[in-house]
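Source file: model27.tsv (TSV, C-alpha atoms)
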```
chain	number	residue	atom	x	y	z
A	3	MET	CA	0.00	0.00	0.00
A	4	LYS	CA	2.86	2.37	0.78
A	5	ASP	CA	4.45	1.62	-2.60
A	6	ALA	CA	1.12	2.33	-4.31
A	7	LEU	CA	0.65	5.62	-2.48
A	8	ARG	CA	4.13	6.77	-3.47
A	9	ALA	CA	3.65	5.69	-7.07
A	10	GLU	CA	0.40	7.67	-7.25
A	11	GLY	CA	2.10	10.82	-5.97
A	12	HIS	CA	0.93	10.82	-2.36
A	13	THR	CA	3.04	11.61	0.68
A	14	PHE	CA	2.27	10.04	4.04
A	15	ALA	CA	3.40	9.60	7.62
A	16	CYS	CA	3.14	6.25	9.42
A	17	PHE	CA	1.59	6.12	12.89
A	18	PRO	CA	2.65	3.13	15.06
A	19	PHE	CA	-0.52	1.35	16.07
A	20	SER	CA	-1.32	-1.63	18.26
A	21	ASN	CA	-4.99	-2.54	18.34
A	22	LYS	CA	-4.95	-4.00	21.84
A	23	ASP	CA	-8.19	-2.12	22.42
A	24	ALA	CA	-9.65	-1.24	19.05
A	25	ARG	CA	-12.75	0.40	20.60
A	26	ARG	CA	-11.45	2.69	23.36
A	27	ASP	CA	-7.88	3.57	24.34
A	28	ALA	CA	-7.26	6.93	26.03
A	29	GLU	CA	-3.51	6.87	25.49
A	30	LEU	CA	-3.85	6.02	21.82
A	31	GLU	CA	-6.52	8.66	21.32
A	32	GLU	CA	-4.24	11.31	22.81
A	33	ASP	CA	-1.23	10.23	20.74
A	34	LEU	CA	-3.22	10.06	17.50
A	35	THR	CA	-4.79	13.46	18.17
A	36	ASP	CA	-1.32	14.96	18.65
A	37	ALA	CA	-0.10	13.32	15.42
A	38	LEU	CA	-3.06	14.61	13.42
A	39	ARG	CA	-2.55	18.14	14.67
A	40	LYS	CA	1.15	17.95	13.84
A	41	GLU	CA	0.86	16.36	10.37
A	42	THR	CA	-2.50	17.91	9.31
A	43	PRO	CA	-3.22	15.07	6.83
A	44	ASP	CA	-6.04	15.02	4.29
A	45	ALA	CA	-7.00	11.55	5.51
A	46	VAL	CA	-6.11	8.68	7.81
A	47	PHE	CA	-5.90	5.19	6.32
A	48	SER	CA	-5.84	1.75	7.95
A	49	PHE	CA	-6.28	-1.82	6.85
A	50	ASN	CA	-9.35	-3.00	8.77
A	51	TYR	CA	-11.60	-0.59	10.64
A	52	PHE	CA	-11.01	0.60	14.21
A	53	PRO	CA	-13.62	2.56	16.20
A	54	VAL	CA	-10.96	4.24	18.31
A	55	ILE	CA	-9.41	5.79	15.17
A	56	SER	CA	-12.81	6.80	13.83
A	57	ASN	CA	-13.71	8.62	17.02
A	58	VAL	CA	-10.49	10.64	16.94
A	59	CYS	CA	-10.95	11.48	13.25
A	60	LYS	CA	-14.53	12.55	13.92
A	61	LYS	CA	-13.40	14.86	16.71
A	62	GLU	CA	-10.56	16.33	14.60
A	63	ASP	CA	-12.68	16.53	11.43
A	64	VAL	CA	-10.33	14.33	9.39
A	65	ARG	CA	-11.47	11.80	6.81
A	66	TYR	CA	-10.92	8.18	7.90
A	67	ILE	CA	-10.52	5.60	5.11
A	68	SER	CA	-10.34	1.92	6.02
A	69	TRP	CA	-10.17	-1.19	3.87
A	70	ILE	CA	-11.31	-4.40	5.55
A	71	TYR	CA	-9.68	-7.63	4.43
A	72	ASP	CA	-10.73	-9.86	7.35
A	73	SER	CA	-13.92	-11.92	7.44
A	74	PRO	CA	-15.72	-12.07	9.76
A	75	TYR	CA	-15.01	-8.63	11.20
A	76	VAL	CA	-17.12	-7.82	14.23
A	77	LEU	CA	-15.91	-4.20	14.54
A	78	LEU	CA	-17.90	-3.46	11.40
A	79	TYR	CA	-20.98	-3.62	13.62
A	80	SER	CA	-19.79	-0.87	15.98
A	81	TYR	CA	-22.11	2.12	16.33
A	82	THR	CA	-19.16	4.26	15.23
A	83	VAL	CA	-19.45	2.94	11.67
A	84	ILE	CA	-21.94	5.73	10.94
A	85	ASN	CA	-19.48	8.46	11.95
A	86	PRO	CA	-19.53	10.96	9.05
A	87	CYS	CA	-15.72	10.96	8.78
A	88	ASN	CA	-15.74	7.29	7.72
A	89	THR	CA	-15.25	5.78	4.29
A	90	ILE	CA	-15.15	2.03	4.91
A	91	TYR	CA	-14.42	-0.40	2.08
A	92	ILE	CA	-15.28	-4.10	2.31
A	93	PHE	CA	-14.41	-6.78	-0.27
A	94	ASP	CA	-17.68	-8.72	0.03
A	95	LYS	CA	-20.44	-7.26	-2.14
A	96	GLU	CA	-23.28	-9.20	-0.52
A	97	LEU	CA	-22.23	-7.92	2.90
A	98	TYR	CA	-21.91	-4.39	1.52
A	99	LEU	CA	-25.47	-4.61	0.18
A	100	GLU	CA	-26.75	-5.49	3.66
A	101	PHE	CA	-25.33	-2.22	4.98
A	102	HIS	CA	-26.53	-0.31	1.92
A	103	LYS	CA	-30.09	-1.60	2.33
A	104	ALA	CA	-29.98	-0.55	5.98
A	105	GLY	CA	-29.25	3.02	4.86
A	106	ILE	CA	-25.63	3.09	6.07
A	107	GLY	CA	-23.81	5.27	3.58
A	108	THR	CA	-20.31	5.05	5.05
A	109	VAL	CA	-19.73	1.44	3.90
A	110	HIS	CA	-18.69	0.77	0.30
A	111	TYR	CA	-17.67	-2.19	-1.84
A	112	MET	CA	-14.10	-2.61	-3.06
A	113	PRO	CA	-12.46	-5.92	-4.03
A	114	MET	CA	-9.00	-6.84	-2.80
A	115	ALA	CA	-5.95	-6.39	-5.04
A	116	ALA	CA	-2.45	-7.66	-5.81
A	117	ASN	CA	0.89	-5.96	-6.34
A	118	THR	CA	1.70	-7.61	-9.66
A	119	ALA	CA	4.92	-5.59	-10.11
A	120	ARG	CA	6.35	-7.05	-6.90
A	121	LEU	CA	4.95	-10.51	-7.57
A	122	ASP	CA	6.45	-10.61	-11.07
A	123	GLN	CA	9.88	-9.75	-9.67
A	124	THR	CA	9.53	-12.48	-7.05
A	125	THR	CA	8.39	-15.26	-9.36
A	126	GLY	CA	10.41	-14.55	-12.50
A	127	SER	CA	10.34	-17.58	-14.80
A	128	ALA	CA	10.34	-20.25	-12.08
A	129	ALA	CA	9.39	-23.75	-13.27
A	130	PHE	CA	6.55	-25.95	-12.04
A	131	LEU	CA	7.33	-27.82	-8.82
A	132	TYR	CA	3.88	-28.97	-7.63
A	133	ASP	CA	0.80	-30.49	-9.23
A	134	VAL	CA	-1.90	-29.38	-6.77
A	135	SER	CA	-1.29	-27.10	-3.80
A	136	PHE	CA	-3.16	-25.25	-1.10
A	137	VAL	CA	-1.86	-22.40	1.06
A	138	GLY	CA	-3.88	-21.65	4.18
A	139	SER	CA	-5.11	-22.76	7.57
A	140	LEU	CA	-6.97	-26.03	8.16
A	141	TYR	CA	-8.42	-24.66	11.41
A	142	THR	CA	-7.26	-27.78	13.22
A	143	GLU	CA	-5.72	-25.85	16.11
A	144	GLU	CA	-6.48	-27.14	19.58
A	145	HIS	CA	-9.05	-25.35	21.72
A	146	ASN	CA	-10.90	-23.72	18.82
A	147	PHE	CA	-14.22	-22.17	19.82
A	148	PHE	CA	-16.38	-24.96	18.41
A	149	ASP	CA	-14.59	-27.71	20.31
A	150	ARG	CA	-14.89	-25.72	23.56
A	151	MET	CA	-18.67	-26.20	23.49
A	152	THR	CA	-18.92	-29.16	25.83
A	153	GLY	CA	-22.17	-30.12	27.49
A	154	LEU	CA	-24.43	-29.51	24.49
A	155	SER	CA	-27.69	-31.43	24.48
A	156	ASP	CA	-28.11	-34.35	22.09
A	157	TYR	CA	-30.72	-32.29	20.24
A	158	THR	CA	-28.30	-29.40	19.71
A	159	LYS	CA	-25.50	-31.72	18.62
A	160	GLY	CA	-27.80	-33.35	16.08
A	161	TYR	CA	-29.10	-29.99	14.90
A	162	LEU	CA	-25.56	-28.65	14.42
A	163	ASP	CA	-24.47	-31.80	12.58
A	164	ALA	CA	-27.45	-31.47	10.24
A	165	ILE	CA	-27.06	-27.79	9.33
A	166	MET	CA	-23.28	-28.08	8.99
A	167	SER	CA	-23.57	-31.11	6.75
A	168	ALA	CA	-26.16	-29.34	4.60
A	169	GLN	CA	-24.07	-26.15	4.39
A	170	MET	CA	-21.04	-28.08	3.21
A	171	LYS	CA	-23.02	-29.27	0.20
A	172	ILE	CA	-23.99	-25.73	-0.87
A	173	GLN	CA	-21.72	-23.18	-2.53
A	174	GLY	CA	-22.60	-19.51	-2.92
A	175	TYR	CA	-25.12	-19.20	-0.08
A	176	ASN	CA	-24.67	-19.42	3.68
A	177	PHE	CA	-27.68	-20.05	5.92
A	178	ILE	CA	-26.00	-20.84	9.24
A	179	GLN	CA	-26.72	-17.54	11.01
A	180	GLU	CA	-30.42	-17.58	10.21
A	181	SER	CA	-30.72	-21.19	11.39
A	182	LEU	CA	-29.44	-20.82	14.96
A	183	SER	CA	-32.44	-19.45	16.86
A	184	PRO	CA	-33.75	-22.87	18.05
A	185	ILE	CA	-30.44	-23.73	19.74
A	186	MET	CA	-29.11	-20.34	20.84
A	187	ASP	CA	-29.79	-20.85	24.56
A	188	ASP	CA	-27.90	-24.15	24.56
A	189	LEU	CA	-24.98	-22.67	22.60
A	190	TYR	CA	-24.75	-19.79	25.06
A	191	ARG	CA	-24.73	-22.10	28.07
A	192	ALA	CA	-21.92	-24.13	26.52
A	193	LEU	CA	-19.84	-21.14	25.38
A	194	PRO	CA	-21.00	-17.70	26.58
A	195	MET	CA	-20.42	-15.01	23.94
A	196	ASP	CA	-21.98	-11.56	24.29
A	197	PRO	CA	-22.25	-8.70	21.78
A	198	ASN	CA	-20.09	-5.67	22.52
A	199	PRO	CA	-21.80	-2.75	24.31
A	200	ASP	CA	-20.99	-0.39	21.42
A	201	GLY	CA	-22.07	-2.81	18.70
A	202	VAL	CA	-25.22	-4.02	16.99
A	203	GLU	CA	-24.03	-7.54	16.19
A	204	SER	CA	-26.34	-10.32	17.34
A	205	LYS	CA	-25.46	-13.45	19.28
A	206	GLU	CA	-26.43	-15.43	16.17
A	207	TYR	CA	-23.80	-13.49	14.20
A	208	LEU	CA	-21.08	-14.27	16.74
A	209	TYR	CA	-21.78	-18.00	16.91
A	210	ALA	CA	-22.33	-18.40	13.17
A	211	GLN	CA	-19.32	-16.46	11.98
A	212	TYR	CA	-16.71	-17.04	14.69
A	213	VAL	CA	-17.59	-20.58	15.77
A	214	ILE	CA	-19.62	-22.62	13.29
A	215	ASN	CA	-18.57	-21.30	9.88
A	216	ARG	CA	-14.95	-21.54	10.96
A	217	LYS	CA	-15.49	-25.19	11.93
A	218	ILE	CA	-17.29	-25.91	8.65
A	219	THR	CA	-14.38	-24.40	6.73
A	220	GLY	CA	-11.90	-26.61	8.55
A	221	LEU	CA	-13.95	-29.74	7.93
A	222	GLU	CA	-14.47	-28.82	4.27
A	223	ARG	CA	-10.80	-28.12	3.61
A	224	GLN	CA	-9.76	-31.40	5.20
A	225	GLU	CA	-12.42	-33.38	3.33
A	226	LEU	CA	-11.44	-31.92	-0.04
A	227	ILE	CA	-7.73	-32.37	0.59
A	228	ARG	CA	-8.29	-36.02	1.56
A	229	ALA	CA	-10.27	-36.57	-1.65
A	230	VAL	CA	-7.59	-34.95	-3.81
A	231	THR	CA	-4.74	-36.92	-2.20
A	232	GLU	CA	-6.50	-40.18	-3.04
A	233	ARG	CA	-5.87	-39.47	-6.74
A	234	PHE	CA	-3.17	-36.81	-7.06
A	235	SER	CA	0.00	-35.63	-5.36
A	236	PHE	CA	-0.71	-32.69	-3.07
A	237	ASP	CA	1.49	-30.00	-1.54
A	238	LEU	CA	0.17	-28.24	1.55
A	239	PHE	CA	1.46	-25.02	3.10
A	240	THR	CA	-0.21	-24.58	6.48
A	241	PRO	CA	0.60	-23.58	10.09
A	242	ASN	CA	-0.20	-27.11	11.33
A	243	LYS	CA	3.06	-28.90	10.52
A	244	ASN	CA	1.75	-32.18	11.98
A	245	TYR	CA	-1.08	-32.71	9.51
A	246	THR	CA	-0.32	-35.79	7.40
A	247	LEU	CA	-1.99	-37.88	4.73
A	248	PRO	CA	-0.71	-40.38	2.17
A	249	ASN	CA	0.39	-38.64	-1.03
A	250	LEU	CA	0.57	-35.25	0.79
A	251	THR	CA	3.68	-33.20	1.45
A	252	ASN	CA	3.21	-30.74	4.32
A	253	HIS	CA	5.69	-27.88	3.94
A	254	GLY	CA	4.50	-25.94	6.99
A	255	PRO	CA	3.63	-22.24	6.70
A	256	ALA	CA	4.79	-20.19	3.71
A	257	ASP	CA	6.14	-16.69	4.20
A	258	TYR	CA	3.64	-14.30	2.62
A	259	TYR	CA	6.11	-12.05	0.79
A	260	ARG	CA	8.97	-14.37	-0.20
A	261	GLU	CA	7.62	-17.92	-0.47
A	262	MET	CA	3.92	-17.72	-1.18
A	263	PRO	CA	4.19	-16.08	-4.65
A	264	LEU	CA	6.63	-18.80	-5.71
A	265	VAL	CA	4.28	-21.53	-4.48
A	266	PHE	CA	1.43	-20.03	-6.50
A	267	HIS	CA	3.56	-19.55	-9.62
A	268	CYS	CA	5.17	-23.01	-9.40
A	269	SER	CA	1.93	-24.96	-8.82
A	270	ARG	CA	0.11	-26.33	-11.81
A	271	ILE	CA	-3.14	-25.96	-9.87
A	272	ASN	CA	-3.73	-23.69	-6.86
A	273	LEU	CA	-6.83	-24.36	-4.75
A	274	ASN	CA	-8.85	-21.67	-3.05
A	275	ILE	CA	-11.36	-22.96	-0.50
A	276	SER	CA	-12.96	-19.81	0.92
A	277	LEU	CA	-13.72	-19.24	4.56
A	278	ARG	CA	-17.46	-19.82	4.90
A	279	SER	CA	-18.05	-16.45	6.57
A	280	ILE	CA	-17.23	-14.74	3.24
A	281	LYS	CA	-20.61	-14.33	1.59
A	282	SER	CA	-19.77	-13.47	-2.03
A	283	GLY	CA	-16.35	-11.78	-1.94
A	284	ILE	CA	-13.11	-12.79	-3.61
A	285	PRO	CA	-10.56	-13.71	-0.91
A	286	LEU	CA	-7.14	-12.05	-0.98
A	287	ARG	CA	-5.61	-15.49	-1.63
A	288	ALA	CA	-7.34	-15.62	-5.02
A	289	PHE	CA	-5.92	-12.24	-6.08
A	290	ASP	CA	-2.47	-13.33	-4.91
A	291	ILE	CA	-2.70	-16.56	-6.92
A	292	MET	CA	-3.74	-14.83	-10.13
A	293	GLY	CA	-1.37	-11.92	-9.52
A	294	SER	CA	1.52	-14.40	-9.18
A	295	GLY	CA	0.66	-15.97	-12.54
A	296	GLY	CA	-0.80	-19.08	-10.92
A	297	PHE	CA	-3.74	-21.13	-12.16
A	298	LEU	CA	-6.69	-20.64	-9.80
A	299	LEU	CA	-9.25	-23.37	-9.08
A	300	THR	CA	-11.71	-22.04	-6.51
A	301	ASN	CA	-15.08	-22.62	-4.94
A	302	PHE	CA	-17.79	-20.40	-6.41
A	303	GLN	CA	-17.95	-16.83	-5.10
A	304	ALA	CA	-20.40	-14.55	-6.92
A	305	ASP	CA	-18.13	-11.50	-6.95
A	306	PHE	CA	-15.74	-13.23	-9.35
A	307	LEU	CA	-18.31	-12.79	-12.09
A	308	ASP	CA	-18.14	-8.99	-11.85
A	309	ASP	CA	-14.54	-8.83	-13.06
A	310	PHE	CA	-13.36	-12.25	-14.21
A	311	VAL	CA	-14.57	-14.84	-16.71
A	312	PRO	CA	-14.81	-18.51	-15.61
A	313	GLY	CA	-12.82	-20.80	-17.88
A	314	GLU	CA	-10.90	-17.82	-19.23
A	315	ASP	CA	-9.29	-16.13	-16.19
A	316	PHE	CA	-9.92	-18.74	-13.49
A	317	VAL	CA	-11.93	-21.94	-12.94
A	318	TYR	CA	-14.43	-22.73	-10.20
A	319	TYR	CA	-15.73	-26.04	-8.91
A	320	GLU	CA	-19.28	-26.78	-7.70
A	321	SER	CA	-18.76	-29.97	-5.66
A	322	LYS	CA	-16.10	-32.41	-4.53
A	323	GLU	CA	-16.69	-34.54	-7.60
A	324	ASP	CA	-16.47	-31.50	-9.87
A	325	LEU	CA	-13.22	-30.46	-8.17
A	326	LEU	CA	-11.64	-33.85	-8.87
A	327	ARG	CA	-12.81	-33.85	-12.50
A	328	LYS	CA	-11.37	-30.39	-13.10
A	329	ILE	CA	-8.05	-31.21	-11.46
A	330	GLU	CA	-7.70	-34.23	-13.74
A	331	TYR	CA	-8.73	-32.22	-16.81
A	332	TYR	CA	-6.40	-29.28	-16.26
A	333	LEU	CA	-3.41	-31.44	-15.33
A	334	LEU	CA	-3.84	-33.13	-18.72
A	335	HIS	CA	-4.47	-29.91	-20.69
A	336	GLU	CA	-1.40	-27.86	-19.90
A	337	ASP	CA	-1.65	-25.33	-22.74
A	338	GLU	CA	-5.21	-24.46	-21.74
A	339	ARG	CA	-4.26	-24.22	-18.07
A	340	ILE	CA	-1.25	-21.97	-18.77
A	341	ALA	CA	-3.36	-19.68	-20.96
A	342	ILE	CA	-5.99	-19.28	-18.22
A	343	ALA	CA	-3.30	-18.47	-15.64
A	344	ALA	CA	-1.81	-15.85	-17.98
A	345	ASN	CA	-5.23	-14.28	-18.59
A	346	GLY	CA	-5.93	-14.08	-14.87
A	347	HIS	CA	-2.58	-12.46	-14.20
A	348	ASP	CA	-2.99	-9.91	-16.98
A	349	LYS	CA	-6.49	-8.98	-15.88
A	350	VAL	CA	-5.33	-8.39	-12.31
A	351	ALA	CA	-2.39	-6.32	-13.58
A	352	ALA	CA	-4.67	-4.27	-15.82
A	353	GLY	CA	-7.31	-3.37	-13.26
A	354	HIS	CA	-6.82	-4.81	-9.79
A	355	THR	CA	-3.50	-3.63	-8.37
A	356	PHE	CA	-3.03	-1.56	-5.23
A	357	ARG	CA	-2.36	1.45	-7.45
A	358	HIS	CA	-5.83	1.04	-8.96
A	359	ARG	CA	-7.36	0.87	-5.49
A	360	VAL	CA	-5.42	3.93	-4.30
A	361	ARG	CA	-6.85	5.90	-7.23
A	362	GLU	CA	-10.36	4.83	-6.25
A	363	MET	CA	-9.90	5.59	-2.56
A	364	PHE	CA	-7.91	8.81	-2.73
A	365	GLY	CA	-8.83	10.16	-6.16
```
Using structure tokens, write down the structure that the file contains.
Amino acid sequence: MKDALRAEGHTFACFPFSNKDARRDAELEEDLTDALRKETPDAVFSFNYFPVISNVCKKEDVRYISWIYDSPYVLLYSYTVINPCNTIYIFDKELYLEFHKAGIGTVHYMPMAANTARLDQTTGSAAFLYDVSFVGSLYTEEHNFFDRMTGLSDYTKGYLDAIMSAQMKIQGYNFIQESLSPIMDDLYRALPMDPNPDGVESKEYLYAQYVINRKITGLERQELIRAVTERFSFDLFTPNKNYTLPNLTNHGPADYYREMPLVFHCSRINLNISLRSIKSGIPLRAFDIMGSGGFLLTNFQADFLDDFVPGEDFVYYESKEDLLRKIEYYLLHEDERIAIAANGHDKVAAGHTFRHRVREMFG
């Protein structure tokens, strides 16, 4: 982002920031107020949105621009979102439309981006090293929220199993949050989670997005990886170094700036399996894959269709069986696969870099 700001002719000052209390922090508010009065900027920018920054910008009458890349992101439901100083960008169009329909004019839609100039320098003309790869978390860490819910009734356990199993079969629509009312009391007894005093998020939102959809994503990623490894070699780059399967090579985590672009560029097929809390948006991983010149095979996300053409810039799968068919097809049709990867890269470079987003945000 700093490179893009410089390239577009902007000057800026960086403010050291630790979001230990993203809602209220008297010391931070004082320091930021002093910095704003010293620097007199046209705007303040942050990745992700922080109420404490918004409140200072409101008081000092400075525009606050934030670009949210996390999902879910509970601070988006803070009352401060309506502060008139705010311009908040989110990468999920369906979520943006929910705010728009509620009459909240400070929230806008903006897809993620990739720095293709940096990625091209990193990848160069590296050769293929992997057939099928995935970079990301499997959400297998111990003590995750879902597995902390001990003492659930048999009814609730059965209900959760049913809705999670059904959700895993459906791409492009998530119904978990709207399905939780019958079991909310039992969920709360097992794992108390309360909305924040300055927010409008519901308990259903918290349990759906931070507990259940995260668990579904972990189960889905593991199920798909197991299916792929039964037929193809698979290279996994994930924080859980102990995860093993036959025909799978676990490389551990990949450094975002140095290693990840090379993995994407050197994989014949890169999988994207989106976090289930993302409603329709294109995850940053997908932009990084295409921006690195990698071939992208992803679950369906509706926002792709706004800017990219399936089968021309990327490929999506609709089920586990469809995923396996398309892996087999594109491993056998190398010229077609390479052409799609090149198209995806060129389309990102032509319209979806950080310089393009800076022009939109600060133009």
When you look at segment 60-70 of chain A with a cut-off of 8 Å (counting all atoms listed in the file), what residues show up, excluding the ones that are within fewer than 3 positions of it in the same chain? I need them as a compact mmCIF listing (two decimals) with C-alpha atoms, in the coordinates of the input.
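Saved file part_7.txt follows:
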```
# COMPACT_ATOMS: atom_id res chain seq x y z
CA THR A 35 -4.79 13.46 18.17
CA LEU A 38 -3.06 14.61 13.42
CA PRO A 43 -3.22 15.07 6.83
CA ASP A 44 -6.04 15.02 4.29
CA ALA A 45 -7.00 11.55 5.51
CA VAL A 46 -6.11 8.68 7.81
CA PHE A 47 -5.90 5.19 6.32
CA SER A 48 -5.84 1.75 7.95
CA PHE A 49 -6.28 -1.82 6.85
CA ASN A 50 -9.35 -3.00 8.77
CA TYR A 51 -11.60 -0.59 10.64
CA ILE A 55 -9.41 5.79 15.17
CA SER A 56 -12.81 6.80 13.83
CA ASN A 57 -13.71 8.62 17.02
CA TYR A 75 -15.01 -8.63 11.20
CA ASN A 85 -19.48 8.46 11.95
CA PRO A 86 -19.53 10.96 9.05
CA CYS A 87 -15.72 10.96 8.78
CA ASN A 88 -15.74 7.29 7.72
CA THR A 89 -15.25 5.78 4.29
CA ILE A 90 -15.15 2.03 4.91
CA TYR A 91 -14.42 -0.40 2.08
CA ILE A 92 -15.28 -4.10 2.31
CA PHE A 93 -14.41 -6.78 -0.27
CA MET A 363 -9.90 5.59 -2.56
```
query = Residues at most 12 Å from Phe234 of chain A, counting all atoms listed in the file, excluding those fewer than 4 positions away in the same chain, as a ChimeraX atom specification?
reply = /A:132-135,226-230,247-251,270-271,325-327,329-330,333
ask   = What is the atom CA of Gly107 of chain A-atom CA of His12 of chain A distance in Å, reported with one decimal?
value = 26.0 Å
message = Can you pull out the residues contacting Met195 of chain A? Cut-off 10 Å, using all atoms listed in the file, and skip same-chain residues under 2 positions away; I want them as JSON, numbers by chain.
response = {"A": [189, 190, 191, 192, 193, 197, 198, 205, 206, 208, 209]}
note = A straight line from atom CA of Asp122 of chain A to atom CA of Phe266 of chain A spans 11.6 Å
query = For Glu225 of chain A, which residue among A:Leu140, A:Ala341, A:Ala168, A:Leu121 is the nearest when counting all atoms listed in the file?
reply = A:Leu140
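Take atom CA of Met112 of chain A and atom CA of Arg278 of chain A: the distance between them is 19.3 Å.
In terms of minimum interatomic distance to Asp315 of chain A, A:Val350 ranks closest within A:Lys281, A:His335, A:Val350, A:Asp188, counting all atoms listed in the file.
The shortest atom-to-atom distance to Cys268 of chain A, with only C-alpha atoms taken into account, belongs to A:Phe130 out of A:Tyr161, A:Tyr111, A:Tyr79, A:Phe130.
In terms of minimum interatomic distance to Asn215 of chain A, A:Met166 ranks closest within A:Leu182, A:Thr240, A:Lys103, A:Met166, counting all atoms listed in the file.
If all atoms listed in the file are the atoms counted, then among A:Arg223, A:His253, A:Arg25, A:His102 the closest residue to Asp237 of chain A is A:His253.
Closest approach to Phe236 of chain A from the set A:Met3, A:Met170, A:Leu334, A:Val137 is made by A:Val137, with distances taken over all atoms listed in the file.
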ask   = Can you tell me, as number ranges by chain, what residues are no more than 9 Å from Ala351 of chain A when counting all atoms listed in the file, ignoring any on the same chain fewer than 5 positions away?
value = A: 116-119, 293, 346
inquiry  = Give me, as an MDAnalysis selection string, all polymer residues having an atom no more than 9 Å from Ala9 of chain A, counting all atoms listed in the file and skipping those fewer than 4 positions away in the same chain.
reply    = chainID A and resid 4:5 357
Could you give me the centre and size, in Å to one decimal, of an axis-aligned box around all listed atoms of segment 69-77 of chain A with 3 Å added on every side, as AutoDock Vina command-line options?
```
--center_x -13.4 --center_y -6.6 --center_z 9.2 --size_x 13.4 --size_y 16.9 --size_z 16.7
```
